[in-house]
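Next up, query39.txt (compact mmCIF, C-alpha atoms):
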```
# COMPACT_ATOMS: atom_id res chain seq x y z
CA MET B 1 0.00 0.00 0.00
CA THR B 2 1.20 3.53 -0.78
CA CYS B 3 0.75 6.67 1.30
CA ARG B 4 -1.50 8.04 -1.47
CA GLU B 5 -3.85 5.04 -1.15
CA PHE B 6 -3.74 5.26 2.64
CA ILE B 7 -4.74 8.92 2.67
CA GLU B 8 -7.36 8.46 -0.05
CA PHE B 9 -9.28 5.99 2.11
CA LEU B 10 -8.35 7.44 5.51
CA MET B 11 -11.85 8.71 6.30
CA GLU B 12 -13.43 5.32 5.60
CA TYR B 13 -10.69 3.70 7.70
CA LEU B 14 -11.40 5.99 10.67
CA ASP B 15 -15.16 5.58 10.26
CA GLY B 16 -14.75 1.78 10.37
CA GLN B 17 -16.27 1.43 6.92
CA LEU B 18 -13.53 -0.70 5.37
CA PRO B 19 -13.88 -4.47 5.06
CA ALA B 20 -11.72 -6.42 7.54
CA GLU B 21 -9.26 -7.56 4.87
CA GLN B 22 -8.65 -4.02 3.63
CA ARG B 23 -8.42 -2.75 7.19
CA SER B 24 -5.59 -5.15 7.97
CA VAL B 25 -3.68 -3.80 4.94
CA PHE B 26 -4.10 -0.31 6.38
CA ASP B 27 -2.94 -1.48 9.81
CA ALA B 28 0.13 -3.07 8.23
CA HIS B 29 0.95 0.19 6.43
CA LEU B 30 0.74 2.09 9.71
CA GLU B 31 3.19 -0.38 11.29
CA GLU B 32 5.86 0.61 8.79
CA CYS B 33 5.09 4.23 7.85
CA PRO B 34 5.68 6.87 10.57
CA THR B 35 4.70 9.63 8.11
CA CYS B 36 1.19 8.19 7.79
CA VAL B 37 0.97 7.56 11.55
CA GLU B 38 1.59 11.26 12.18
CA TYR B 39 -0.72 12.24 9.32
CA LEU B 40 -3.54 10.18 10.79
CA LYS B 41 -3.04 11.78 14.22
CA SER B 42 -2.98 15.31 12.84
CA TYR B 43 -6.04 14.61 10.65
CA GLN B 44 -8.00 13.47 13.71
CA GLN B 45 -6.79 16.49 15.68
CA SER B 46 -7.87 18.83 12.89
CA VAL B 47 -11.42 17.47 13.11
CA GLU B 48 -11.43 17.83 16.92
CA LEU B 49 -10.00 21.36 16.77
CA CYS B 50 -12.55 22.35 14.14
CA ARG B 51 -15.41 21.23 16.42
CA ALA B 52 -13.90 22.83 19.53
CA ALA B 53 -13.25 26.15 17.76
CA CYS B 54 -16.89 26.54 16.82
CA GLU B 55 -18.34 25.69 20.24
CA CYS B 56 -19.06 28.33 22.87
CA SER B 57 -16.32 28.35 25.44
CA ALA B 58 -16.38 29.39 29.08
CA ASP B 59 -13.81 32.14 28.49
CA GLU B 60 -15.72 33.53 25.52
CA PRO B 61 -19.04 35.17 26.43
CA PRO B 62 -21.88 34.67 23.93
CA PRO B 63 -21.52 37.31 21.22
CA GLU B 64 -23.92 40.24 21.39
CA ALA B 65 -26.06 41.18 18.41
CA PRO B 66 -25.06 44.58 16.97
CA GLU B 67 -27.73 47.15 17.84
CA GLN B 68 -28.29 48.06 14.20
CA LEU B 69 -29.07 44.39 13.44
CA VAL B 70 -31.54 44.24 16.33
CA GLN B 71 -33.27 47.38 15.08
CA ALA B 72 -33.27 46.10 11.47
CA VAL B 73 -34.91 42.82 12.51
CA LEU B 74 -37.54 44.58 14.62
CA ALA B 75 -38.31 47.06 11.81
CA ALA B 76 -38.59 44.22 9.27
CA ARG B 77 -40.88 42.35 11.65
CA ARG B 78 -43.15 45.41 11.94
CA GLY B 79 -43.24 45.52 8.13
CA GLN B 80 -44.07 41.81 8.08
CA MET B 81 -46.97 42.39 10.50
CA SER B 82 -48.43 45.25 8.47
CA ASP B 83 -48.26 43.14 5.27
CA GLU B 84 -50.26 40.31 6.85
CA MET U 1 -36.23 27.02 4.46
CA GLU U 2 -36.75 24.75 7.43
CA THR U 3 -39.10 26.11 10.01
CA ALA U 4 -40.63 22.99 11.47
CA GLY U 5 -40.19 22.52 15.18
CA THR U 6 -39.15 18.90 15.37
CA SER U 7 -35.83 17.28 14.69
CA SER U 8 -33.83 14.35 15.94
CA LEU U 9 -31.26 16.86 17.23
CA GLU U 10 -33.82 18.74 19.29
CA LEU U 11 -34.61 16.64 22.30
CA ASP U 12 -34.40 19.09 25.20
CA PRO U 13 -37.75 20.52 26.13
CA ALA U 14 -38.03 24.28 26.34
CA GLY U 15 -37.79 25.71 29.88
CA ALA U 16 -40.61 27.60 31.61
CA ASP U 17 -38.94 30.92 30.81
CA GLU U 18 -38.86 30.05 27.12
CA VAL U 19 -42.45 28.85 27.16
CA ARG U 20 -43.55 32.25 28.51
CA LEU U 21 -41.41 34.02 25.92
CA ILE U 22 -42.90 31.98 23.06
CA GLU U 23 -46.44 32.63 24.32
CA SER U 24 -45.67 36.37 24.36
CA ILE U 25 -44.37 36.21 20.78
CA ARG U 26 -47.52 34.38 19.69
CA ALA U 27 -49.54 37.14 21.37
CA GLY U 28 -47.62 39.75 19.32
CA ASP U 29 -45.83 41.32 22.32
CA ASP U 30 -43.21 43.78 20.97
CA ALA U 31 -40.99 43.40 24.03
CA ALA U 32 -40.86 39.63 23.54
CA PHE U 33 -39.69 40.00 19.93
CA SER U 34 -36.99 42.38 21.08
CA ASP U 35 -35.97 40.02 23.89
CA VAL U 36 -35.58 37.07 21.50
CA VAL U 37 -33.54 39.06 19.00
CA ARG U 38 -31.22 40.39 21.71
CA ARG U 39 -30.92 37.02 23.44
CA PHE U 40 -30.19 34.89 20.38
CA GLY U 41 -29.11 37.37 17.68
CA GLY U 42 -25.41 37.36 18.55
CA ARG U 43 -25.08 33.59 18.51
CA MET U 44 -27.09 33.38 15.29
CA LEU U 45 -24.82 35.97 13.70
CA ALA U 46 -21.77 33.93 14.72
CA VAL U 47 -23.28 30.90 12.96
CA ALA U 48 -24.13 32.90 9.81
CA ARG U 49 -20.61 34.37 9.70
CA ARG U 50 -19.12 30.87 9.41
CA PHE U 51 -21.03 30.33 6.17
CA LEU U 52 -20.95 33.86 4.73
CA HIS U 53 -17.79 35.91 4.35
CA HIS U 54 -19.42 39.32 4.10
CA GLU U 55 -20.79 40.83 7.28
CA GLN U 56 -23.85 42.30 5.58
CA ASP U 57 -24.76 38.92 4.06
CA ALA U 58 -24.47 37.30 7.48
CA GLN U 59 -26.68 39.97 9.06
CA ASP U 60 -29.21 39.61 6.23
CA ALA U 61 -29.32 35.85 6.83
CA VAL U 62 -29.99 36.43 10.54
CA GLN U 63 -32.78 38.88 9.69
CA ASP U 64 -34.33 36.41 7.22
CA ALA U 65 -34.09 33.67 9.85
CA PHE U 66 -35.85 35.73 12.54
CA LEU U 67 -38.64 36.76 10.15
CA SER U 68 -39.11 33.15 9.10
CA ALA U 69 -39.13 32.01 12.74
CA PHE U 70 -41.63 34.69 13.84
CA LYS U 71 -43.89 33.81 10.93
CA SER U 72 -43.92 30.14 11.83
CA ILE U 73 -43.75 30.43 15.62
CA ASP U 74 -47.05 28.53 15.86
CA GLN U 75 -45.25 25.49 14.45
CA PHE U 76 -42.73 25.55 17.30
CA GLN U 77 -43.84 22.62 19.44
CA GLY U 78 -41.59 23.09 22.44
CA GLN U 79 -39.80 19.72 22.22
CA ALA U 80 -36.74 21.71 21.28
CA ARG U 81 -34.98 24.60 22.92
CA LEU U 82 -35.80 27.85 21.17
CA GLY U 83 -32.07 28.44 20.55
CA THR U 84 -31.71 25.04 18.83
CA TRP U 85 -34.73 25.76 16.63
CA LEU U 86 -33.40 29.21 15.69
CA HIS U 87 -29.93 27.77 15.08
CA ARG U 88 -31.25 25.37 12.46
CA ILE U 89 -33.27 28.12 10.83
CA VAL U 90 -30.27 30.46 10.55
CA VAL U 91 -28.13 27.67 9.05
CA ASN U 92 -30.77 27.17 6.38
CA ALA U 93 -31.11 30.93 5.83
CA SER U 94 -27.33 31.15 5.38
CA LEU U 95 -27.37 28.33 2.83
CA MET U 96 -30.19 30.07 0.94
CA LYS U 97 -28.11 33.26 0.92
CA LEU U 98 -25.10 31.34 -0.41
CA ARG U 99 -27.21 29.76 -3.16
CA SER U 100 -28.56 33.16 -4.21
CA GLN U 101 -25.05 34.55 -4.70
CA ARG U 102 -23.08 34.21 -7.87
CA ARG U 103 -20.31 31.67 -7.33
CA ARG U 104 -16.97 33.42 -6.88
CA PRO U 105 -13.80 31.81 -8.19
CA GLU U 106 -12.23 29.91 -5.31
CA ARG U 107 -8.83 28.58 -4.41
CA ALA U 108 -8.21 25.09 -5.85
CA ILE U 109 -8.55 22.52 -3.07
CA GLU U 110 -5.75 20.49 -4.69
CA ASP U 111 -3.24 23.15 -3.57
CA LEU U 112 -4.05 22.21 0.03
CA LEU U 113 -3.92 18.42 -0.31
CA PRO U 114 -0.84 16.29 0.53
CA LYS U 115 1.76 15.86 -2.20
CA PHE U 116 3.12 12.49 -3.30
CA LYS U 117 6.10 11.21 -5.24
CA GLU U 118 5.57 9.16 -8.40
CA ASP U 119 5.76 5.96 -6.38
CA GLY U 120 2.77 7.10 -4.29
CA HIS U 121 4.67 7.85 -1.09
CA ARG U 122 4.80 11.21 0.63
CA THR U 123 7.24 13.87 -0.55
CA ASP U 124 7.82 15.12 3.00
CA ALA U 125 8.95 13.32 6.13
CA ALA U 126 6.72 12.78 9.15
CA THR U 127 5.87 16.03 10.88
CA VAL U 128 4.89 15.85 14.51
CA TRP U 129 2.52 18.49 15.82
CA ALA U 130 4.19 20.06 18.84
CA VAL U 131 0.90 21.49 20.06
CA THR U 132 -1.63 18.84 20.97
CA PHE U 133 -5.41 19.06 21.03
CA ASP U 134 -5.51 18.66 24.82
CA THR U 135 -3.17 21.58 25.44
CA THR U 136 -4.83 23.90 22.95
CA VAL U 137 -8.55 23.27 23.25
CA ALA U 138 -9.01 25.85 26.00
CA ASP U 139 -6.74 28.35 24.29
CA HIS U 140 -8.55 31.36 22.85
CA GLU U 141 -5.71 32.14 20.41
CA THR U 142 -5.78 28.64 18.96
CA ARG U 143 -9.53 28.75 18.47
CA GLU U 144 -9.10 32.01 16.55
CA VAL U 145 -6.39 30.42 14.37
CA VAL U 146 -8.62 27.42 13.65
CA ARG U 147 -11.57 29.65 12.76
CA ARG U 148 -9.38 31.66 10.41
CA CYS U 149 -8.16 28.46 8.74
CA ILE U 150 -11.78 27.28 8.31
CA GLU U 151 -12.63 30.64 6.72
CA ASN U 152 -9.77 30.16 4.27
CA LEU U 153 -11.10 26.88 2.92
CA PRO U 154 -12.68 27.03 -0.54
CA GLU U 155 -16.39 27.71 -0.08
CA SER U 156 -17.65 24.51 -1.74
CA HIS U 157 -15.63 22.47 0.73
CA ARG U 158 -16.01 24.74 3.78
CA THR U 159 -19.81 24.47 3.59
CA VAL U 160 -19.65 20.67 3.66
CA LEU U 161 -17.21 20.71 6.58
CA LEU U 162 -19.47 23.07 8.55
CA LEU U 163 -22.60 21.02 7.91
CA ARG U 164 -21.03 17.62 8.64
CA ASP U 165 -18.47 18.31 11.38
CA ILE U 166 -19.94 21.36 13.13
CA GLU U 167 -23.68 21.14 12.52
CA GLU U 168 -23.56 17.33 12.66
CA ARG U 169 -25.95 16.94 9.75
CA SER U 170 -25.92 13.50 8.12
CA THR U 171 -24.29 12.85 4.76
CA GLU U 172 -27.73 12.46 3.19
CA GLU U 173 -29.14 15.65 4.73
CA THR U 174 -26.05 17.61 3.70
CA ALA U 175 -26.37 16.26 0.17
CA GLU U 176 -30.01 17.32 0.02
CA LEU U 177 -29.32 20.80 1.44
CA LEU U 178 -26.53 21.43 -1.08
CA GLY U 179 -28.09 19.67 -4.05
CA ILE U 180 -25.13 17.31 -4.52
CA SER U 181 -24.75 13.53 -4.26
CA PRO U 182 -23.89 11.78 -0.97
CA GLY U 183 -20.68 10.58 -2.65
CA ALA U 184 -19.70 14.18 -3.40
CA VAL U 185 -20.38 15.11 0.24
CA LYS U 186 -17.99 12.38 1.43
CA THR U 187 -15.29 13.39 -1.05
CA ARG U 188 -15.56 17.08 -0.18
CA LEU U 189 -15.59 16.40 3.56
CA HIS U 190 -12.40 14.31 3.39
CA ARG U 191 -10.69 16.91 1.21
CA ALA U 192 -11.84 19.77 3.44
CA ARG U 193 -10.40 18.01 6.50
CA GLN U 194 -7.11 17.41 4.69
CA ALA U 195 -7.00 21.05 3.58
CA LEU U 196 -7.75 22.25 7.11
CA ARG U 197 -4.93 20.04 8.38
CA THR U 198 -2.57 21.62 5.82
CA LEU U 199 -3.57 25.14 6.89
CA LEU U 200 -3.20 24.29 10.59
CA ASP U 201 0.14 22.53 10.11
CA PRO U 202 2.53 25.53 10.50
CA TYR U 203 0.77 26.67 13.68
CA MET U 204 0.51 23.21 15.21
CA ARG U 205 4.17 22.51 14.52
CA GLY U 206 4.94 25.49 16.68
CA ALA U 207 5.19 28.28 14.14
CA THR U 208 3.04 31.40 14.10
CA VAL U 209 0.31 31.56 11.46
```

If you took the structure in this file and wrote it as structure tokens, what would it be?
Amino acid sequence: MTCREFIEFLMEYLDGQLPAEQRSVFDAHLEECPTCVEYLKSYQQSVELCRAACECSADEPPPEAPEQLVQAVLAARRGQMSDE
Amino acid sequence: METAGTSSLELDPAGADEVRLIESIRAGDDAAFSDVVRRFGGRMLAVARRFLHHEQDAQDAVQDAFLSAFKSIDQFQGQARLGTWLHRIVVNASLMKLRSQRRRPERAIEDLLPKFKEDGHRTDAATVWAVTFDTTVADHETREVVRRCIENLPESHRTVLLLRDIEERSTEETAELLGISPGAVKTRLHRARQALRTLLDPYMRGATV
């Protein structure tokens, strides 16, 4: 197996969607390829970081709506009511 | 645009405070509308900004989402939290906004994918990330770097990443929302993750982005 093939099917490998036979080929590649071992780790970390970065955190207060947006929504809502 | 009040993701019942607020909105109470916009508008804008680069587009999507929600407030059943319901509506409003825009030329995703030699092996040696997820997750600076890297992904791939990995929509739902095949969703998601890894690499190896 080449690194190109490993990376091409990495998502299926991590999702457990590969047949057992193919999975063992992947495992064997990982035994002998430190580059792909580190790639796999950093790929998983990227997904975790992506999720964490978009969650609200204790040290980041919920963002406030800009006042002009609040006023725009309320004005549009009044327009919506008068149209109905 | 989705405005229905039920979803497999929305299992928490609304609290008593929210029930009163929703009743006031149904009764047409101006103060209740204002309260909802102030309470949830900032978080909704943060969601819209992930999908839409331009601030005005993001604010327009939030406005569209609120108007849609107010119009269909009678459909809100209360099985969900109001915030969860509004969140889903603003995601859909953002996608509608994206669809209505002319596609801009975007950076080729291939530039951000790993490079290989002719024999199929990597051109670069193993690179170990000095900064680990555990040490960085609570770090405000790192979260900012990650958000910036997500923003720099090509739009067609960023949208799939946001829907699958952040919004936790299924492959099939994402495909339906974007009008592409489930296979294309899987391909774009894998490429988007690889591209994000490439963009994060200098920072995570210890350099400054």

re CA of Ala53 (chain B) and CA of Pro182 (chain U): distance 25.9 Å

Give the answer as one residue: which of B:Val47, B:Ser82, B:Ala72, B:Leu10 has the shortest atom-to-atom distance to Leu30 (chain B), using all atoms listed in the file? B:Leu10

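Near chain B, the residues of chain U that fall inside 6 Å (using only C-alpha atoms) are Gly41, Gly42, Arg43, Gln63, Gly120, His121, Ala125, Ala126, Arg143, Ile166 and Arg197 of chain U.
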
Could you name the residues that touch Ala175 (chain U) at 9 Å or less, counting all atoms listed in the file, but leaving out those on the same chain fewer than 5 positions away, as a PyMOL selection string? chain U and resi 160+170+180-185

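Reported to one decimal place, the separation of CA of Ala27 (chain U) from CA of Ile73 (chain U) is 10.6 Å.
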
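Interatomic distance, CA of Leu200 (chain U) to CA of Asp124 (chain U): 16.2 Å.
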
Residue list as a ChimeraX atom specification for point (-16.2, 11.9, 9.4), cut-off 9 Å, all atoms listed in the file: /B:11-12,14-15,47 /U:164-165,186,189-190,193

Compute the distance from (-42.7, 34.5, 10.9) to each atom, counting all atoms listed in the file, keep the residues with any atom at most 12 Å away, and return them as a PyMOL selection string; use the coordinates of the file. (chain B and resi 73-74+76-81+83-84) or (chain U and resi 1-4+25-26+28+33+63-76+86+89)

Those same residues, written as a CSV table (one decimal), keeping the file's coordinate frame with C-alpha atoms?
```csv
chain,number,residue,atom,x,y,z
B,73,VAL,CA,-34.9,42.8,12.5
B,74,LEU,CA,-37.5,44.6,14.6
B,76,ALA,CA,-38.6,44.2,9.3
B,77,ARG,CA,-40.9,42.4,11.6
B,78,ARG,CA,-43.2,45.4,11.9
B,79,GLY,CA,-43.2,45.5,8.1
B,80,GLN,CA,-44.1,41.8,8.1
B,81,MET,CA,-47.0,42.4,10.5
B,83,ASP,CA,-48.3,43.1,5.3
B,84,GLU,CA,-50.3,40.3,6.8
U,1,MET,CA,-36.2,27.0,4.5
U,2,GLU,CA,-36.8,24.8,7.4
U,3,THR,CA,-39.1,26.1,10.0
U,4,ALA,CA,-40.6,23.0,11.5
U,25,ILE,CA,-44.4,36.2,20.8
U,26,ARG,CA,-47.5,34.4,19.7
U,28,GLY,CA,-47.6,39.8,19.3
U,33,PHE,CA,-39.7,40.0,19.9
U,63,GLN,CA,-32.8,38.9,9.7
U,64,ASP,CA,-34.3,36.4,7.2
U,65,ALA,CA,-34.1,33.7,9.8
U,66,PHE,CA,-35.8,35.7,12.5
U,67,LEU,CA,-38.6,36.8,10.2
U,68,SER,CA,-39.1,33.2,9.1
U,69,ALA,CA,-39.1,32.0,12.7
U,70,PHE,CA,-41.6,34.7,13.8
U,71,LYS,CA,-43.9,33.8,10.9
U,72,SER,CA,-43.9,30.1,11.8
U,73,ILE,CA,-43.8,30.4,15.6
U,74,ASP,CA,-47.0,28.5,15.9
U,75,GLN,CA,-45.2,25.5,14.4
U,76,PHE,CA,-42.7,25.6,17.3
U,86,LEU,CA,-33.4,29.2,15.7
U,89,ILE,CA,-33.3,28.1,10.8
```

Among listed residues U:Arg81, U:Arg188, U:Arg122, U:His87, nearest Leu45 (chain U) (using only C-alpha atoms): U:His87

Kindly reconstruct region 176-189 of chain U with N, CA and C atoms and present the result as a compact mmCIF listing (two decimals), in the coordinates of the input.
```
# COMPACT_ATOMS: atom_id res chain seq x y z
N GLU U 176 -28.73 16.74 0.42
CA GLU U 176 -30.01 17.32 0.02
C GLU U 176 -29.97 18.85 0.14
N LEU U 177 -29.38 19.34 1.24
CA LEU U 177 -29.32 20.80 1.44
C LEU U 177 -28.49 21.48 0.36
N LEU U 178 -27.44 20.80 -0.11
CA LEU U 178 -26.53 21.43 -1.08
C LEU U 178 -26.83 21.03 -2.52
N GLY U 179 -27.75 20.10 -2.70
CA GLY U 179 -28.09 19.67 -4.05
C GLY U 179 -26.96 18.93 -4.73
N ILE U 180 -26.20 18.14 -3.94
CA ILE U 180 -25.13 17.31 -4.52
C ILE U 180 -25.34 15.87 -4.06
N SER U 181 -24.56 14.94 -4.61
CA SER U 181 -24.75 13.53 -4.26
C SER U 181 -24.08 13.23 -2.92
N PRO U 182 -24.56 12.18 -2.22
CA PRO U 182 -23.89 11.78 -0.97
C PRO U 182 -22.41 11.45 -1.20
N GLY U 183 -22.09 10.88 -2.35
CA GLY U 183 -20.68 10.58 -2.65
C GLY U 183 -19.85 11.85 -2.71
N ALA U 184 -20.42 12.90 -3.31
CA ALA U 184 -19.70 14.18 -3.40
C ALA U 184 -19.51 14.80 -2.01
N VAL U 185 -20.51 14.60 -1.14
CA VAL U 185 -20.38 15.11 0.24
C VAL U 185 -19.19 14.45 0.92
N LYS U 186 -19.09 13.12 0.78
CA LYS U 186 -17.99 12.38 1.43
C LYS U 186 -16.64 12.83 0.88
N THR U 187 -16.56 12.97 -0.44
CA THR U 187 -15.29 13.39 -1.05
C THR U 187 -14.90 14.78 -0.56
N ARG U 188 -15.88 15.70 -0.59
CA ARG U 188 -15.56 17.08 -0.18
C ARG U 188 -15.20 17.16 1.30
N LEU U 189 -15.89 16.36 2.13
CA LEU U 189 -15.59 16.40 3.56
C LEU U 189 -14.15 15.93 3.81
```
